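Student: Dumping the structure here so I can ask a few things about it.
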Amino acid sequence: MIKAVLFDLDGTLADTAPDLGAALNRLLAEEGRPSQPYAAIRPVASHGARGLLELGFGIGPTHTEFAGLRERLLAHYEQGLCDSTRLFDGVGELITAIAGRGLKWGIVTNKPMRYTDPLIGILPLPIAPQTCVSGDTVGIPKPDPKPMLHAAAELGVDPAHCLYVGDAERDIEAGRRVGMTTVLASYGYIAEHDEPAAWGADLTIRHPLELLAHLPD
């Protein structure tokens, strides 16, 4: 019996790619590099600064310039945190329905608290999440099971009675590791080279409201 629904944030609840991409393109302009089209940015948005810098500069965390560019990128993002970010179509209605069925709900994201908390305060969520676990809340992000266990504990619900919705392989892995029912949000930030069919999600939805068919009345 499902008693709680937990969501990833970027690419699952909210379409944050436009603002993440704008931050990357401002940084690229500062460095005299060409901007990246939205079609290239969207699939890597779930991977945060690491994915964006790999796209724009072709570098990873071991590169000597990575740390400095990452801080500048995040500073740009913080300045335009919710300029174009929106809830995905149907999310508000879904959350209202979840609460109406007597279920708890919350968020488990790898986004740092520095951005998660203000963004949650700005987005027009009809009901506030009853837990919000960021990438640095427990000192380690998904796919480690600790964030998932922390969220379930805050809700007072056994992980086996939680459903977790996400759009990335690490989301499905994290949920499976703690025994949650996992749902792949196929409308999210999935790249052409990804193989979501191999991730082992229990369910797949193409629109947020499709989740309602899998929840108790």
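In the structure tokens, each chain is lettered A, B, ... as it comes, each chain's residues begin at 1, and ligands are numbered from 1 in order of appearance.
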Pick out the residues sitting within 12 Å of stretch 75-80 of chain A, and hand them over as a VMD selection string; count only C-alpha atoms, and ignore anything fewer than 3 positions along from it in its own chain.
Tutor: chain A and resid 16 to 30 48 to 49 52 68 to 72 83 to 85 112 to 119
Student: Output N, CA and C atoms for every residue in that selection, as an mmCIF file, in the first residue's frame.
Tutor:
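Written out: selection04.cif:
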```cif
data_model
loop_
_atom_site.group_PDB
_atom_site.id
_atom_site.type_symbol
_atom_site.label_atom_id
_atom_site.label_comp_id
_atom_site.auth_asym_id
_atom_site.auth_seq_id
_atom_site.Cartn_x
_atom_site.Cartn_y
_atom_site.Cartn_z
ATOM 1 N N THR A 16 13.458 23.003 -15.173
ATOM 2 C CA THR A 16 14.490 23.973 -14.808
ATOM 3 C C THR A 16 15.526 24.186 -15.904
ATOM 4 N N ALA A 17 15.460 23.399 -16.961
ATOM 5 C CA ALA A 17 16.486 23.454 -18.004
ATOM 6 C C ALA A 17 16.652 24.841 -18.637
ATOM 7 N N PRO A 18 15.578 25.604 -18.868
ATOM 8 C CA PRO A 18 15.773 26.926 -19.467
ATOM 9 C C PRO A 18 16.683 27.840 -18.649
ATOM 10 N N ASP A 19 16.518 27.844 -17.328
ATOM 11 C CA ASP A 19 17.347 28.716 -16.491
ATOM 12 C C ASP A 19 18.758 28.168 -16.322
ATOM 13 N N LEU A 20 18.898 26.849 -16.254
ATOM 14 C CA LEU A 20 20.241 26.256 -16.211
ATOM 15 C C LEU A 20 20.983 26.547 -17.508
ATOM 16 N N GLY A 21 20.276 26.430 -18.625
ATOM 17 C CA GLY A 21 20.895 26.710 -19.916
ATOM 18 C C GLY A 21 21.266 28.170 -20.076
ATOM 19 N N ALA A 22 20.419 29.057 -19.576
ATOM 20 C CA ALA A 22 20.726 30.488 -19.654
ATOM 21 C C ALA A 22 21.990 30.812 -18.868
ATOM 22 N N ALA A 23 22.150 30.169 -17.703
ATOM 23 C CA ALA A 23 23.359 30.381 -16.896
ATOM 24 C C ALA A 23 24.594 29.897 -17.651
ATOM 25 N N LEU A 24 24.489 28.737 -18.279
ATOM 26 C CA LEU A 24 25.616 28.220 -19.058
ATOM 27 C C LEU A 24 25.960 29.163 -20.201
ATOM 28 N N ASN A 25 24.968 29.638 -20.907
ATOM 29 C CA ASN A 25 25.246 30.493 -22.061
ATOM 30 C C ASN A 25 25.808 31.853 -21.663
ATOM 31 N N ARG A 26 25.433 32.355 -20.485
ATOM 32 C CA ARG A 26 26.054 33.594 -20.006
ATOM 33 C C ARG A 26 27.533 33.358 -19.711
ATOM 34 N N LEU A 27 27.840 32.219 -19.133
ATOM 35 C CA LEU A 27 29.239 31.886 -18.847
ATOM 36 C C LEU A 27 30.021 31.682 -20.135
ATOM 37 N N LEU A 28 29.429 30.998 -21.089
ATOM 38 C CA LEU A 28 30.095 30.793 -22.377
ATOM 39 C C LEU A 28 30.380 32.121 -23.065
ATOM 40 N N ALA A 29 29.435 33.054 -22.987
ATOM 41 C CA ALA A 29 29.637 34.369 -23.599
ATOM 42 C C ALA A 29 30.809 35.097 -22.943
ATOM 43 N N GLU A 30 30.917 34.990 -21.615
ATOM 44 C CA GLU A 30 32.030 35.615 -20.904
ATOM 45 C C GLU A 30 33.372 35.052 -21.365
ATOM 46 N N GLY A 48 23.202 18.667 -13.704
ATOM 47 C CA GLY A 48 23.684 19.860 -13.027
ATOM 48 C C GLY A 48 24.907 20.484 -13.657
ATOM 49 N N ALA A 49 25.720 21.128 -12.811
ATOM 50 C CA ALA A 49 26.889 21.862 -13.292
ATOM 51 C C ALA A 49 27.858 20.954 -14.038
ATOM 52 N N LEU A 52 26.514 20.382 -17.539
ATOM 53 C CA LEU A 52 26.525 21.611 -18.324
ATOM 54 C C LEU A 52 27.936 22.013 -18.730
ATOM 55 N N GLY A 68 36.584 26.553 -10.769
ATOM 56 C CA GLY A 68 36.328 27.973 -10.965
ATOM 57 C C GLY A 68 35.153 28.231 -11.884
ATOM 58 N N LEU A 69 35.079 27.476 -12.973
ATOM 59 C CA LEU A 69 33.962 27.627 -13.897
ATOM 60 C C LEU A 69 32.657 27.198 -13.244
ATOM 61 N N ARG A 70 32.724 26.168 -12.421
ATOM 62 C CA ARG A 70 31.520 25.702 -11.736
ATOM 63 C C ARG A 70 30.958 26.796 -10.826
ATOM 64 N N GLU A 71 31.815 27.460 -10.065
ATOM 65 C CA GLU A 71 31.346 28.510 -9.167
ATOM 66 C C GLU A 71 30.731 29.672 -9.942
ATOM 67 N N ARG A 72 31.339 30.029 -11.057
ATOM 68 C CA ARG A 72 30.791 31.119 -11.871
ATOM 69 C C ARG A 72 29.459 30.719 -12.498
ATOM 70 N N ASP A 83 13.653 32.442 -13.456
ATOM 71 C CA ASP A 83 13.210 33.360 -14.508
ATOM 72 C C ASP A 83 12.263 32.665 -15.480
ATOM 73 N N SER A 84 12.634 31.452 -15.886
ATOM 74 C CA SER A 84 11.827 30.712 -16.864
ATOM 75 C C SER A 84 11.412 29.333 -16.384
ATOM 76 N N THR A 85 11.826 28.944 -15.184
ATOM 77 C CA THR A 85 11.479 27.635 -14.643
ATOM 78 C C THR A 85 9.980 27.563 -14.348
ATOM 79 N N PRO A 112 21.676 21.274 -4.663
ATOM 80 C CA PRO A 112 22.066 21.762 -3.343
ATOM 81 C C PRO A 112 20.971 22.616 -2.690
ATOM 82 N N MET A 113 20.936 22.600 -1.359
ATOM 83 C CA MET A 113 19.947 23.378 -0.610
ATOM 84 C C MET A 113 19.968 24.861 -0.991
ATOM 85 N N ARG A 114 21.153 25.339 -1.339
ATOM 86 C CA ARG A 114 21.326 26.751 -1.696
ATOM 87 C C ARG A 114 20.359 27.162 -2.816
ATOM 88 N N TYR A 115 19.980 26.210 -3.671
ATOM 89 C CA TYR A 115 19.074 26.499 -4.786
ATOM 90 C C TYR A 115 17.709 25.857 -4.584
ATOM 91 N N THR A 116 17.687 24.675 -3.964
ATOM 92 C CA THR A 116 16.419 23.973 -3.772
ATOM 93 C C THR A 116 15.449 24.785 -2.926
ATOM 94 N N ASP A 117 15.903 25.224 -1.767
ATOM 95 C CA ASP A 117 14.991 25.881 -0.823
ATOM 96 C C ASP A 117 14.353 27.141 -1.394
ATOM 97 N N PRO A 118 15.132 28.065 -1.989
ATOM 98 C CA PRO A 118 14.464 29.243 -2.556
ATOM 99 C C PRO A 118 13.571 28.906 -3.745
ATOM 100 N N LEU A 119 13.973 27.911 -4.549
ATOM 101 C CA LEU A 119 13.154 27.548 -5.703
ATOM 102 C C LEU A 119 11.811 26.985 -5.265
#
```
Student: Might you pull out every residue within 9 Å of A:Trp199, with only C-alpha atoms counted and same-chain residues fewer than 6 positions away left off, and present them as a PyMOL selection string?
Tutor: chain A and resi 168-170+172-173+184
Student: Using only C-alpha atoms, which residues sit within 9 Å of A:Pro159 once same-chain residues fewer than 2 positions away are excluded, as a count of residues only?
Tutor: 15
Student: Hey, which of A:Ala198, A:Ile41, A:Ile2, A:Ile190 ends up closest to A:Ala160? Count only C-alpha atoms.
Tutor: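 For A:Ala160, the nearest of the given residues is A:Ile2.
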Student: If DSSP is run on the backbone, what residues of stretch 2-216 of chain A are strand (DSSP E or B)? A reply as a PyMOL selection string would be ideal.
Tutor: chain A and resi 4-7+10+14-15+86-87+104-108+132-133+162-166+181-185+203-205
Student: For C-alpha atoms, I'd like the residues from the last selection saved as a compact mmCIF listing (two decimals), in the first residue's frame.
Tutor:
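out_16.txt was written with the following content:
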```
# COMPACT_ATOMS: atom_id res chain seq x y z
CA ALA A 4 3.73 8.57 0.32
CA VAL A 5 4.97 9.88 -3.03
CA LEU A 6 8.46 11.33 -3.40
CA PHE A 7 9.70 13.21 -6.44
CA ASP A 10 14.75 18.90 -11.99
CA ALA A 14 9.93 21.38 -12.54
CA ASP A 15 11.30 22.25 -15.96
CA ARG A 86 7.96 26.24 -14.50
CA LEU A 87 6.20 23.23 -13.02
CA LYS A 104 2.07 12.37 2.04
CA TRP A 105 4.46 13.87 -0.48
CA GLY A 106 7.98 15.21 -0.66
CA ILE A 107 11.08 15.89 -2.74
CA VAL A 108 14.45 14.17 -2.93
CA CYS A 132 12.53 18.24 1.04
CA VAL A 133 15.89 16.48 0.91
CA CYS A 162 6.82 4.99 -0.71
CA LEU A 163 6.69 5.60 -4.45
CA TYR A 164 9.60 7.54 -6.00
CA VAL A 165 9.33 9.38 -9.31
CA GLY A 166 12.43 10.49 -11.23
CA THR A 181 8.28 1.52 -5.94
CA THR A 182 10.12 3.39 -8.71
CA VAL A 183 8.50 5.40 -11.50
CA LEU A 184 10.36 6.72 -14.53
CA ALA A 185 9.19 10.16 -15.68
CA LEU A 203 6.49 1.91 -13.81
CA THR A 204 6.86 4.51 -16.56
CA ILE A 205 4.72 7.62 -17.06
```
Student: Take atom CA of A:Gln36 and atom CA of A:Leu55 and report the distance between them in Å, one decimal.
Tutor: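 Atom CA of A:Leu55 lies 8.2 Å from atom CA of A:Gln36.
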